[in-house]
>>> print(open('input-v1.txt').read())   # compact mmCIF, N, CA and C atoms
# COMPACT_ATOMS: atom_id res chain seq x y z
N ILE A 552 6.41 59.40 -4.96
CA ILE A 552 5.96 58.96 -6.29
C ILE A 552 6.91 57.88 -6.83
N LYS A 553 8.23 58.10 -6.66
CA LYS A 553 9.20 57.09 -7.13
C LYS A 553 8.98 55.76 -6.42
N LYS A 554 8.71 55.84 -5.13
CA LYS A 554 8.46 54.62 -4.36
C LYS A 554 7.19 53.92 -4.88
N LEU A 555 6.14 54.69 -5.14
CA LEU A 555 4.91 54.11 -5.67
C LEU A 555 5.14 53.52 -7.06
N GLU A 556 5.93 54.20 -7.88
CA GLU A 556 6.22 53.69 -9.22
C GLU A 556 7.00 52.37 -9.13
N GLU A 557 7.98 52.35 -8.22
CA GLU A 557 8.75 51.11 -8.03
C GLU A 557 7.85 49.98 -7.51
N ASP A 558 7.01 50.29 -6.53
CA ASP A 558 6.06 49.29 -6.02
C ASP A 558 5.13 48.81 -7.13
N HIS A 559 4.70 49.75 -7.94
CA HIS A 559 3.81 49.39 -9.07
C HIS A 559 4.54 48.46 -10.06
N ARG A 560 5.78 48.77 -10.42
CA ARG A 560 6.56 47.91 -11.33
C ARG A 560 6.74 46.52 -10.72
N ASN A 561 7.06 46.48 -9.43
CA ASN A 561 7.24 45.18 -8.75
C ASN A 561 5.93 44.38 -8.76
N GLU A 562 4.83 45.05 -8.52
CA GLU A 562 3.54 44.37 -8.52
C GLU A 562 3.20 43.85 -9.92
N VAL A 563 3.48 44.67 -10.95
CA VAL A 563 3.24 44.26 -12.33
C VAL A 563 4.13 43.06 -12.68
N ASP A 564 5.39 43.09 -12.25
CA ASP A 564 6.30 41.94 -12.49
C ASP A 564 5.77 40.68 -11.84
N THR A 565 5.29 40.80 -10.60
CA THR A 565 4.74 39.64 -9.89
C THR A 565 3.51 39.10 -10.62
N ILE A 566 2.67 39.99 -11.04
CA ILE A 566 1.47 39.57 -11.78
C ILE A 566 1.86 38.88 -13.07
N GLN A 567 2.83 39.42 -13.78
CA GLN A 567 3.26 38.81 -15.05
C GLN A 567 3.83 37.41 -14.80
N LYS A 568 4.61 37.26 -13.74
CA LYS A 568 5.15 35.93 -13.42
C LYS A 568 4.03 34.94 -13.10
N ASP A 569 3.03 35.40 -12.32
CA ASP A 569 1.90 34.53 -12.00
C ASP A 569 1.12 34.15 -13.25
N LEU A 570 0.92 35.11 -14.15
CA LEU A 570 0.21 34.83 -15.40
C LEU A 570 1.00 33.86 -16.28
N ASP A 571 2.33 34.05 -16.35
CA ASP A 571 3.18 33.13 -17.13
C ASP A 571 3.09 31.72 -16.57
N ARG A 572 3.11 31.60 -15.27
CA ARG A 572 3.01 30.29 -14.62
C ARG A 572 1.65 29.64 -14.91
N ALA A 573 0.58 30.45 -14.85
CA ALA A 573 -0.75 29.93 -15.13
C ALA A 573 -0.85 29.44 -16.57
N LEU A 574 -0.27 30.20 -17.51
CA LEU A 574 -0.27 29.77 -18.91
C LEU A 574 0.52 28.49 -19.09
N PHE A 575 1.67 28.39 -18.41
CA PHE A 575 2.48 27.17 -18.49
C PHE A 575 1.69 25.96 -17.97
N LEU A 576 1.04 26.12 -16.82
CA LEU A 576 0.25 25.02 -16.25
C LEU A 576 -0.90 24.64 -17.17
N SER A 577 -1.54 25.64 -17.76
CA SER A 577 -2.64 25.37 -18.69
C SER A 577 -2.14 24.57 -19.88
N SER A 578 -1.03 24.95 -20.44
CA SER A 578 -0.45 24.23 -21.59
C SER A 578 -0.07 22.80 -21.20
N GLU A 579 0.51 22.67 -20.02
CA GLU A 579 0.92 21.33 -19.56
C GLU A 579 -0.30 20.43 -19.39
N HIS A 580 -1.38 20.97 -18.86
CA HIS A 580 -2.60 20.17 -18.68
C HIS A 580 -3.25 19.84 -20.03
N GLU A 581 -3.18 20.76 -20.97
CA GLU A 581 -3.71 20.46 -22.30
C GLU A 581 -2.94 19.30 -22.92
N ASP A 582 -1.61 19.29 -22.74
CA ASP A 582 -0.80 18.19 -23.26
C ASP A 582 -1.19 16.88 -22.59
N ARG A 583 -1.43 16.91 -21.28
CA ARG A 583 -1.85 15.70 -20.57
C ARG A 583 -3.19 15.18 -21.10
N ILE A 584 -4.13 16.10 -21.29
CA ILE A 584 -5.45 15.70 -21.80
C ILE A 584 -5.30 15.08 -23.19
N LYS A 585 -4.49 15.69 -24.05
CA LYS A 585 -4.28 15.15 -25.40
C LYS A 585 -3.67 13.76 -25.33
N SER A 586 -2.69 13.58 -24.45
CA SER A 586 -2.05 12.27 -24.30
C SER A 586 -3.07 11.23 -23.83
N MET A 587 -3.89 11.58 -22.85
CA MET A 587 -4.88 10.63 -22.35
C MET A 587 -5.94 10.34 -23.40
N THR A 588 -6.31 11.37 -24.18
CA THR A 588 -7.28 11.17 -25.26
C THR A 588 -6.70 10.22 -26.31
N ASP A 589 -5.41 10.42 -26.65
CA ASP A 589 -4.77 9.53 -27.62
C ASP A 589 -4.73 8.09 -27.10
N ARG A 590 -4.39 7.92 -25.81
CA ARG A 590 -4.34 6.58 -25.23
C ARG A 590 -5.73 5.94 -25.22
N THR A 591 -6.74 6.74 -24.91
CA THR A 591 -8.11 6.22 -24.91
C THR A 591 -8.50 5.77 -26.31
N GLY A 592 -8.12 6.56 -27.32
CA GLY A 592 -8.40 6.19 -28.70
C GLY A 592 -7.74 4.88 -29.08
N THR A 593 -6.49 4.71 -28.65
CA THR A 593 -5.77 3.47 -28.94
C THR A 593 -6.45 2.27 -28.29
N VAL A 594 -6.87 2.44 -27.04
CA VAL A 594 -7.55 1.34 -26.34
C VAL A 594 -8.89 1.05 -27.01
N LEU A 595 -9.60 2.10 -27.43
CA LEU A 595 -10.88 1.88 -28.12
C LEU A 595 -10.68 1.13 -29.43
N GLU A 596 -9.62 1.48 -30.17
CA GLU A 596 -9.33 0.77 -31.42
C GLU A 596 -9.04 -0.70 -31.12
N SER A 597 -8.25 -0.95 -30.08
CA SER A 597 -7.91 -2.32 -29.71
C SER A 597 -9.16 -3.09 -29.30
N LEU A 598 -10.02 -2.45 -28.53
CA LEU A 598 -11.26 -3.09 -28.11
C LEU A 598 -12.12 -3.39 -29.33
N ASP A 599 -12.21 -2.46 -30.27
CA ASP A 599 -13.00 -2.66 -31.48
C ASP A 599 -12.47 -3.86 -32.27
N LYS A 600 -11.14 -3.96 -32.38
CA LYS A 600 -10.55 -5.10 -33.09
C LYS A 600 -10.88 -6.41 -32.37
N SER A 601 -10.79 -6.38 -31.04
CA SER A 601 -11.11 -7.59 -30.26
C SER A 601 -12.57 -7.98 -30.45
N GLN A 602 -13.45 -6.99 -30.43
CA GLN A 602 -14.87 -7.28 -30.60
C GLN A 602 -15.15 -7.81 -32.01
N ASN A 603 -14.47 -7.24 -33.00
CA ASN A 603 -14.62 -7.76 -34.37
C ASN A 603 -14.14 -9.20 -34.45
N ARG A 604 -13.05 -9.47 -33.76
CA ARG A 604 -12.51 -10.84 -33.75
C ARG A 604 -13.50 -11.79 -33.07
N VAL A 605 -14.14 -11.33 -32.00
CA VAL A 605 -15.14 -12.16 -31.31
C VAL A 605 -16.29 -12.47 -32.26
N VAL A 606 -16.75 -11.46 -33.01
CA VAL A 606 -17.85 -11.68 -33.96
C VAL A 606 -17.41 -12.68 -35.03
N THR A 607 -16.21 -12.50 -35.55
CA THR A 607 -15.70 -13.40 -36.57
C THR A 607 -15.60 -14.82 -36.03
N LEU A 608 -15.08 -14.96 -34.83
CA LEU A 608 -14.96 -16.28 -34.22
C LEU A 608 -16.34 -16.91 -33.97
N GLU A 609 -17.30 -16.07 -33.59
CA GLU A 609 -18.66 -16.59 -33.38
C GLU A 609 -19.23 -17.08 -34.71
N GLU A 610 -19.02 -16.32 -35.78
CA GLU A 610 -19.48 -16.76 -37.09
C GLU A 610 -18.79 -18.06 -37.51
N GLU A 611 -17.49 -18.12 -37.28
CA GLU A 611 -16.75 -19.34 -37.61
C GLU A 611 -17.28 -20.52 -36.79
N ARG A 612 -17.57 -20.26 -35.53
CA ARG A 612 -18.09 -21.32 -34.66
C ARG A 612 -19.41 -21.85 -35.20
N LEU A 613 -20.28 -20.93 -35.63
CA LEU A 613 -21.58 -21.35 -36.17
C LEU A 613 -21.42 -22.17 -37.45
N VAL A 614 -20.52 -21.72 -38.31
CA VAL A 614 -20.27 -22.47 -39.55
C VAL A 614 -19.75 -23.86 -39.22
N LYS A 615 -18.78 -23.92 -38.30
CA LYS A 615 -18.21 -25.22 -37.95
C LYS A 615 -19.23 -26.11 -37.25
N GLU A 616 -20.08 -25.49 -36.45
CA GLU A 616 -21.11 -26.27 -35.78
C GLU A 616 -22.07 -26.89 -36.82
N ASN A 617 -22.49 -26.10 -37.80
CA ASN A 617 -23.35 -26.62 -38.86
C ASN A 617 -22.65 -27.72 -39.66
N THR A 618 -21.40 -27.48 -39.95
CA THR A 618 -20.63 -28.49 -40.67
C THR A 618 -20.52 -29.77 -39.85
N PHE A 619 -20.29 -29.60 -38.56
CA PHE A 619 -20.20 -30.74 -37.66
C PHE A 619 -21.47 -31.58 -37.71
N LEU A 620 -22.62 -30.90 -37.65
CA LEU A 620 -23.90 -31.62 -37.67
C LEU A 620 -24.08 -32.38 -38.99
N LYS A 621 -23.68 -31.73 -40.07
CA LYS A 621 -23.78 -32.39 -41.38
C LYS A 621 -22.88 -33.62 -41.44
N TRP A 622 -21.64 -33.44 -40.97
CA TRP A 622 -20.69 -34.58 -40.99
C TRP A 622 -21.18 -35.70 -40.07
N GLN A 623 -21.77 -35.33 -38.96
CA GLN A 623 -22.26 -36.34 -38.02
C GLN A 623 -23.35 -37.20 -38.67
N GLN A 624 -24.20 -36.54 -39.45
CA GLN A 624 -25.25 -37.28 -40.16
C GLN A 624 -24.63 -38.23 -41.19
N GLU A 625 -23.59 -37.78 -41.85
CA GLU A 625 -22.96 -38.58 -42.90
C GLU A 625 -22.15 -39.74 -42.32
N SER A 626 -21.49 -39.49 -41.20
CA SER A 626 -20.65 -40.56 -40.67
C SER A 626 -20.44 -40.41 -39.17
N ARG A 627 -20.91 -41.36 -38.40
CA ARG A 627 -20.74 -41.34 -36.94
C ARG A 627 -19.29 -41.61 -36.55
N GLU A 628 -18.54 -42.23 -37.40
CA GLU A 628 -17.16 -42.60 -37.08
C GLU A 628 -16.25 -41.37 -36.92
N THR A 629 -16.51 -40.31 -37.68
CA THR A 629 -15.63 -39.13 -37.63
C THR A 629 -16.17 -38.01 -36.73
N ALA A 630 -17.30 -38.25 -36.07
CA ALA A 630 -17.93 -37.21 -35.25
C ALA A 630 -17.03 -36.72 -34.12
N ALA A 631 -16.28 -37.57 -33.50
CA ALA A 631 -15.43 -37.17 -32.37
C ALA A 631 -14.35 -36.18 -32.80
N ASP A 632 -13.78 -36.36 -33.99
CA ASP A 632 -12.75 -35.43 -34.49
C ASP A 632 -13.32 -34.03 -34.68
N TYR A 633 -14.50 -33.95 -35.28
CA TYR A 633 -15.10 -32.64 -35.52
C TYR A 633 -15.55 -31.98 -34.23
N GLU A 634 -15.97 -32.77 -33.28
CA GLU A 634 -16.37 -32.21 -31.98
C GLU A 634 -15.18 -31.53 -31.32
N GLN A 635 -14.01 -32.14 -31.42
CA GLN A 635 -12.81 -31.53 -30.85
C GLN A 635 -12.50 -30.20 -31.54
N ARG A 636 -12.67 -30.15 -32.84
CA ARG A 636 -12.45 -28.90 -33.57
C ARG A 636 -13.40 -27.80 -33.08
N LEU A 637 -14.63 -28.15 -32.87
CA LEU A 637 -15.61 -27.19 -32.37
C LEU A 637 -15.21 -26.69 -30.98
N LEU A 638 -14.76 -27.57 -30.12
CA LEU A 638 -14.33 -27.16 -28.77
C LEU A 638 -13.15 -26.19 -28.84
N ASP A 639 -12.24 -26.43 -29.78
CA ASP A 639 -11.10 -25.52 -29.95
C ASP A 639 -11.56 -24.12 -30.36
N VAL A 640 -12.53 -24.04 -31.26
CA VAL A 640 -13.06 -22.74 -31.68
C VAL A 640 -13.74 -22.05 -30.51
N GLU A 641 -14.51 -22.78 -29.72
CA GLU A 641 -15.17 -22.19 -28.55
C GLU A 641 -14.15 -21.71 -27.52
N LYS A 642 -13.07 -22.46 -27.36
CA LYS A 642 -12.02 -22.06 -26.44
C LYS A 642 -11.40 -20.73 -26.89
N GLU A 643 -11.14 -20.61 -28.19
CA GLU A 643 -10.59 -19.37 -28.74
C GLU A 643 -11.58 -18.22 -28.57
N LEU A 644 -12.86 -18.50 -28.77
CA LEU A 644 -13.89 -17.48 -28.59
C LEU A 644 -13.88 -16.98 -27.14
N ASN A 645 -13.79 -17.90 -26.20
CA ASN A 645 -13.74 -17.52 -24.78
C ASN A 645 -12.52 -16.66 -24.49
N LYS A 646 -11.39 -17.00 -25.10
CA LYS A 646 -10.18 -16.18 -24.91
C LYS A 646 -10.42 -14.76 -25.42
N GLN A 647 -11.03 -14.65 -26.60
CA GLN A 647 -11.29 -13.32 -27.18
C GLN A 647 -12.29 -12.54 -26.33
N ILE A 648 -13.26 -13.23 -25.76
CA ILE A 648 -14.23 -12.55 -24.89
C ILE A 648 -13.52 -12.01 -23.65
N LEU A 649 -12.59 -12.78 -23.09
CA LEU A 649 -11.81 -12.30 -21.94
C LEU A 649 -10.98 -11.08 -22.32
N ILE A 650 -10.35 -11.13 -23.49
CA ILE A 650 -9.55 -9.99 -23.95
C ILE A 650 -10.43 -8.76 -24.11
N SER A 651 -11.62 -8.96 -24.65
CA SER A 651 -12.56 -7.86 -24.85
C SER A 651 -12.97 -7.24 -23.51
N SER A 652 -13.26 -8.06 -22.51
CA SER A 652 -13.67 -7.51 -21.21
C SER A 652 -12.51 -6.80 -20.53
N ASP A 653 -11.26 -7.27 -20.73
CA ASP A 653 -10.09 -6.56 -20.19
C ASP A 653 -9.98 -5.19 -20.82
N GLY A 654 -10.25 -5.09 -22.13
CA GLY A 654 -10.21 -3.80 -22.82
C GLY A 654 -11.24 -2.84 -22.27
N GLU A 655 -12.44 -3.35 -21.95
CA GLU A 655 -13.49 -2.50 -21.39
C GLU A 655 -13.08 -1.98 -20.02
N SER A 656 -12.43 -2.83 -19.22
CA SER A 656 -11.96 -2.39 -17.90
C SER A 656 -10.91 -1.29 -18.05
N THR A 657 -10.03 -1.47 -19.02
CA THR A 657 -8.98 -0.46 -19.26
C THR A 657 -9.62 0.86 -19.68
N ILE A 658 -10.62 0.81 -20.53
CA ILE A 658 -11.30 2.03 -20.98
C ILE A 658 -11.95 2.73 -19.79
N LYS A 659 -12.61 1.97 -18.92
CA LYS A 659 -13.26 2.58 -17.76
C LYS A 659 -12.22 3.27 -16.88
N LYS A 660 -11.06 2.63 -16.68
CA LYS A 660 -10.00 3.22 -15.87
C LYS A 660 -9.48 4.50 -16.54
N LEU A 661 -9.28 4.46 -17.85
CA LEU A 661 -8.81 5.64 -18.57
C LEU A 661 -9.83 6.78 -18.50
N GLU A 662 -11.11 6.43 -18.59
CA GLU A 662 -12.14 7.46 -18.49
C GLU A 662 -12.12 8.10 -17.10
N GLU A 663 -11.95 7.28 -16.07
CA GLU A 663 -11.88 7.83 -14.71
C GLU A 663 -10.66 8.72 -14.56
N ASP A 664 -9.50 8.25 -15.05
CA ASP A 664 -8.28 9.05 -15.00
C ASP A 664 -8.48 10.37 -15.75
N HIS A 665 -9.14 10.30 -16.88
CA HIS A 665 -9.39 11.50 -17.70
C HIS A 665 -10.26 12.49 -16.92
N ARG A 666 -11.32 11.99 -16.30
CA ARG A 666 -12.19 12.87 -15.51
C ARG A 666 -11.40 13.52 -14.37
N ASN A 667 -10.57 12.73 -13.69
CA ASN A 667 -9.77 13.28 -12.59
C ASN A 667 -8.80 14.34 -13.11
N GLU A 668 -8.20 14.11 -14.25
CA GLU A 668 -7.26 15.06 -14.83
C GLU A 668 -7.98 16.35 -15.21
N VAL A 669 -9.16 16.22 -15.80
CA VAL A 669 -9.95 17.40 -16.17
C VAL A 669 -10.32 18.19 -14.91
N ASP A 670 -10.71 17.49 -13.83
CA ASP A 670 -11.03 18.17 -12.57
C ASP A 670 -9.83 18.95 -12.04
N THR A 671 -8.65 18.32 -12.10
CA THR A 671 -7.43 18.97 -11.64
C THR A 671 -7.13 20.21 -12.47
N ILE A 672 -7.27 20.07 -13.76
CA ILE A 672 -7.02 21.21 -14.66
C ILE A 672 -8.01 22.33 -14.36
N GLN A 673 -9.27 21.99 -14.16
CA GLN A 673 -10.27 23.02 -13.88
C GLN A 673 -9.92 23.75 -12.59
N LYS A 674 -9.50 23.00 -11.57
CA LYS A 674 -9.12 23.64 -10.30
C LYS A 674 -7.94 24.58 -10.51
N ASP A 675 -6.91 24.11 -11.27
CA ASP A 675 -5.74 24.96 -11.54
C ASP A 675 -6.14 26.22 -12.31
N LEU A 676 -7.02 26.06 -13.30
CA LEU A 676 -7.46 27.22 -14.08
C LEU A 676 -8.27 28.18 -13.21
N ASP A 677 -9.13 27.64 -12.36
CA ASP A 677 -9.91 28.49 -11.45
C ASP A 677 -8.98 29.27 -10.54
N ARG A 678 -7.94 28.61 -10.05
CA ARG A 678 -6.97 29.27 -9.17
C ARG A 678 -6.22 30.36 -9.93
N ALA A 679 -5.83 30.06 -11.17
CA ALA A 679 -5.12 31.05 -11.98
C ALA A 679 -6.00 32.26 -12.25
N LEU A 680 -7.28 32.01 -12.55
CA LEU A 680 -8.20 33.13 -12.79
C LEU A 680 -8.39 33.95 -11.52
N PHE A 681 -8.49 33.27 -10.39
CA PHE A 681 -8.63 33.99 -9.12
C PHE A 681 -7.42 34.87 -8.87
N LEU A 682 -6.21 34.30 -9.06
CA LEU A 682 -4.98 35.08 -8.85
C LEU A 682 -4.92 36.25 -9.82
N SER A 683 -5.28 36.00 -11.06
CA SER A 683 -5.27 37.06 -12.07
C SER A 683 -6.23 38.18 -11.68
N SER A 684 -7.41 37.83 -11.23
CA SER A 684 -8.40 38.81 -10.81
C SER A 684 -7.90 39.60 -9.61
N GLU A 685 -7.28 38.87 -8.67
CA GLU A 685 -6.74 39.50 -7.48
C GLU A 685 -5.66 40.52 -7.85
N HIS A 686 -4.78 40.16 -8.78
CA HIS A 686 -3.71 41.06 -9.20
C HIS A 686 -4.25 42.25 -9.99
N GLU A 687 -5.27 42.03 -10.79
CA GLU A 687 -5.90 43.14 -11.51
C GLU A 687 -6.50 44.15 -10.51
N ASP A 688 -7.12 43.60 -9.45
CA ASP A 688 -7.68 44.48 -8.42
C ASP A 688 -6.58 45.28 -7.73
N ARG A 689 -5.44 44.66 -7.48
CA ARG A 689 -4.31 45.36 -6.87
C ARG A 689 -3.80 46.50 -7.76
N ILE A 690 -3.67 46.17 -9.06
CA ILE A 690 -3.18 47.18 -10.02
C ILE A 690 -4.17 48.34 -10.08
N LYS A 691 -5.43 47.99 -10.14
CA LYS A 691 -6.47 49.03 -10.23
C LYS A 691 -6.42 49.92 -8.99
N SER A 692 -6.25 49.30 -7.82
CA SER A 692 -6.24 50.10 -6.59
C SER A 692 -4.98 50.96 -6.51
N MET A 693 -3.88 50.49 -7.12
CA MET A 693 -2.64 51.29 -7.11
C MET A 693 -2.80 52.44 -8.07
>>> encode(input="input-v1.txt", output="C-alpha cells")
Amino acid sequence: IKKLEEDHRNEVDTIQKDLDRALFLSSEHEDRIKSMTDRTGTVLESLDKSQNRVVTLEEERLVKENTFLKWQQESRETAADYEQRLLDVEKELNKQILISSDGESTIKKLEEDHRNEVDTIQKDLDRALFLSSEHEDRIKSM
C-alpha cells in the first residue's frame, strides 16, 4: 500500500508538472497572438493613413488639373509651369500608391504568420489536452 501511495503521489506530481507546463505554453501563445494582433492593428492603421493620403492626393491632383486647364485657357505662356506642377502631384500620388501596396503586402504576411501561430497554438493545446486526459486515465486506473 505504501508503495502504491508513493507511486500515486509521484504520478500526481508528474501530472501537475505537465499541467503547469501546458498552462505556461498556453499563456505564452496568448501573449504571442496579442502581440501579432497589435502589430496587425498598427499596420492596418498605417495602411489606412496611406490610403487616406492617396485619396487626398487624388483630390488635389483633380483640383490642380482643373486649375491647369483654366490657366491654360487664360494664358498659353504659363501653361508649361503648371504642367510641371501637375506632374509633381502625380509623382507623389504614385509614391503613395506604392507605399499603400507595400502595406497590403505586409498585412498579408502578418495574416499568414498569425494563422501559422494559431495553428501552432492549437496543436500545443491539443497535445496538452491529450496528455491531461492520459494522466487522468492513469490516476483513475490507480
>>> closest_residue(input="input-v1.txt", among="A:Leu637, A:Leu682, A:Ala631, A:Met587", to="Glu616 (chain A)", atoms="all atoms listed in the file")
A:Leu637
>>> closest_residue(input="input-v1.txt", among="A:Lys585, A:Lys659, A:Lys553, A:Arg604", to="Asn645 (chain A)", atoms="only C-alpha atoms")
A:Arg604
>>> atom_distance(input="input-v1.txt", atom1="atom C of Asp675 (chain A)", atom2="atom C of Ser577 (chain A)")
8.7 Å
>>> residues_around(input="input-v1.txt", residues="Asn667 (chain A)", least_positions_apart="5", cutoff="12 Å", atoms="only C-alpha atoms", output="ChimeraX atom specification")
/A:580,583-584,587,660-662,672-674
>>> closest_residue(input="input-v1.txt", among="A:Leu608, A:Thr588, A:Leu574, A:Glu625", to="Arg666 (chain A)", atoms="only C-alpha atoms")
A:Thr588
>>> atom_distance(input="input-v1.txt", atom1="atom N of Gly654 (chain A)", atom2="CA of Leu598 (chain A)")
6.4 Å
>>> atom_distance(input="input-v1.txt", atom1="CA of Thr591 (chain A)", atom2="atom C of Thr657 (chain A)")
7.6 Å
>>> residues_around(input="input-v1.txt", residues="Leu644 (chain A)", least_positions_apart="3", cutoff="9 Å", atoms="only C-alpha atoms", output="MDAnalysis selection string")
chainID A and resid 604:606 608:609 612 639:641 647:649
>>> axis_aligned_box(input="input-v1.txt", around="region 675-684 of chain A", padding_each_side="3 Å", output="lines of an AutoDock Vina configuration file")
center_x = -7.4
center_y = 31.9
center_z = -11.5
size_x = 11.0
size_y = 21.5
size_z = 11.2
>>> closest_residue(input="input-v1.txt", among="A:Val669, A:Tyr633, A:Ser683, A:Asp589", to="Thr618 (chain A)", atoms="all atoms listed in the file")
A:Tyr633
>>> closest_residue(input="input-v1.txt", among="A:Glu581, A:Asp632, A:Glu556, A:Asp569", to="Glu685 (chain A)", atoms="only C-alpha atoms")
A:Asp569
>>> closest_residue(input="input-v1.txt", among="A:Val563, A:Ile650, A:Leu576, A:Leu680", to="Ser597 (chain A)", atoms="all atoms listed in the file")
A:Ile650
>>> build_atoms(input="input-v1.txt", residues="region 583-591 of chain A", atoms="all heavy atoms", output="tab-separated table (two decimals), in the frame of the given file")
chain	number	residue	atom	x	y	z
A	583	ARG	N	-1.43	16.91	-21.28
A	583	ARG	CA	-1.85	15.70	-20.57
A	583	ARG	C	-3.19	15.18	-21.10
A	583	ARG	O	-3.37	13.99	-21.30
A	583	ARG	CB	-2.00	15.97	-19.07
A	583	ARG	CG	-0.71	16.02	-18.31
A	583	ARG	CD	-1.04	16.18	-16.84
A	583	ARG	NE	0.14	16.32	-16.02
A	583	ARG	CZ	0.10	16.75	-14.78
A	583	ARG	NH1	-1.05	17.08	-14.23
A	583	ARG	NH2	1.20	16.83	-14.07
A	584	ILE	N	-4.13	16.10	-21.29
A	584	ILE	CA	-5.45	15.70	-21.80
A	584	ILE	C	-5.30	15.08	-23.19
A	584	ILE	O	-5.90	14.05	-23.48
A	584	ILE	CB	-6.41	16.91	-21.84
A	584	ILE	CG1	-6.82	17.30	-20.42
A	584	ILE	CG2	-7.66	16.59	-22.66
A	584	ILE	CD1	-7.62	18.57	-20.34
A	585	LYS	N	-4.49	15.69	-24.05
A	585	LYS	CA	-4.28	15.15	-25.40
A	585	LYS	C	-3.67	13.76	-25.33
A	585	LYS	O	-4.10	12.85	-26.02
A	585	LYS	CB	-3.39	16.08	-26.22
A	585	LYS	CG	-3.22	15.61	-27.66
A	585	LYS	CD	-2.30	16.51	-28.45
A	585	LYS	CE	-2.15	16.11	-29.88
A	585	LYS	NZ	-2.07	14.74	-30.19
A	586	SER	N	-2.69	13.58	-24.45
A	586	SER	CA	-2.05	12.27	-24.30
A	586	SER	C	-3.07	11.23	-23.83
A	586	SER	O	-3.11	10.12	-24.37
A	586	SER	CB	-0.90	12.38	-23.29
A	586	SER	OG	-0.40	11.11	-23.00
A	587	MET	N	-3.89	11.58	-22.85
A	587	MET	CA	-4.88	10.63	-22.35
A	587	MET	C	-5.94	10.34	-23.40
A	587	MET	O	-6.40	9.20	-23.53
A	587	MET	CB	-5.52	11.15	-21.06
A	587	MET	CG	-4.53	11.19	-19.90
A	587	MET	SD	-5.35	11.49	-18.35
A	587	MET	CE	-6.13	9.91	-18.11
A	588	THR	N	-6.31	11.37	-24.18
A	588	THR	CA	-7.28	11.17	-25.26
A	588	THR	C	-6.70	10.22	-26.31
A	588	THR	O	-7.39	9.32	-26.80
A	588	THR	CB	-7.65	12.52	-25.89
A	588	THR	OG1	-8.21	13.36	-24.88
A	588	THR	CG2	-8.66	12.35	-27.01
A	589	ASP	N	-5.41	10.42	-26.65
A	589	ASP	CA	-4.77	9.53	-27.62
A	589	ASP	C	-4.73	8.09	-27.10
A	589	ASP	O	-5.01	7.15	-27.84
A	589	ASP	CB	-3.33	10.00	-27.93
A	589	ASP	CG	-3.30	11.31	-28.70
A	589	ASP	OD1	-4.37	11.71	-29.23
A	589	ASP	OD2	-2.23	11.94	-28.75
A	590	ARG	N	-4.39	7.92	-25.81
A	590	ARG	CA	-4.34	6.58	-25.23
A	590	ARG	C	-5.73	5.94	-25.22
A	590	ARG	O	-5.88	4.75	-25.50
A	590	ARG	CB	-3.77	6.63	-23.80
A	590	ARG	CG	-2.29	6.88	-23.79
A	590	ARG	CD	-1.60	6.79	-22.44
A	590	ARG	NE	-2.37	6.43	-21.31
A	590	ARG	CZ	-2.27	7.02	-20.13
A	590	ARG	NH1	-1.43	8.00	-19.93
A	590	ARG	NH2	-2.99	6.61	-19.11
A	591	THR	N	-6.74	6.74	-24.91
A	591	THR	CA	-8.11	6.22	-24.91
A	591	THR	C	-8.50	5.77	-26.31
A	591	THR	O	-9.09	4.71	-26.49
A	591	THR	CB	-9.11	7.29	-24.40
A	591	THR	OG1	-8.75	7.65	-23.07
A	591	THR	CG2	-10.52	6.76	-24.41
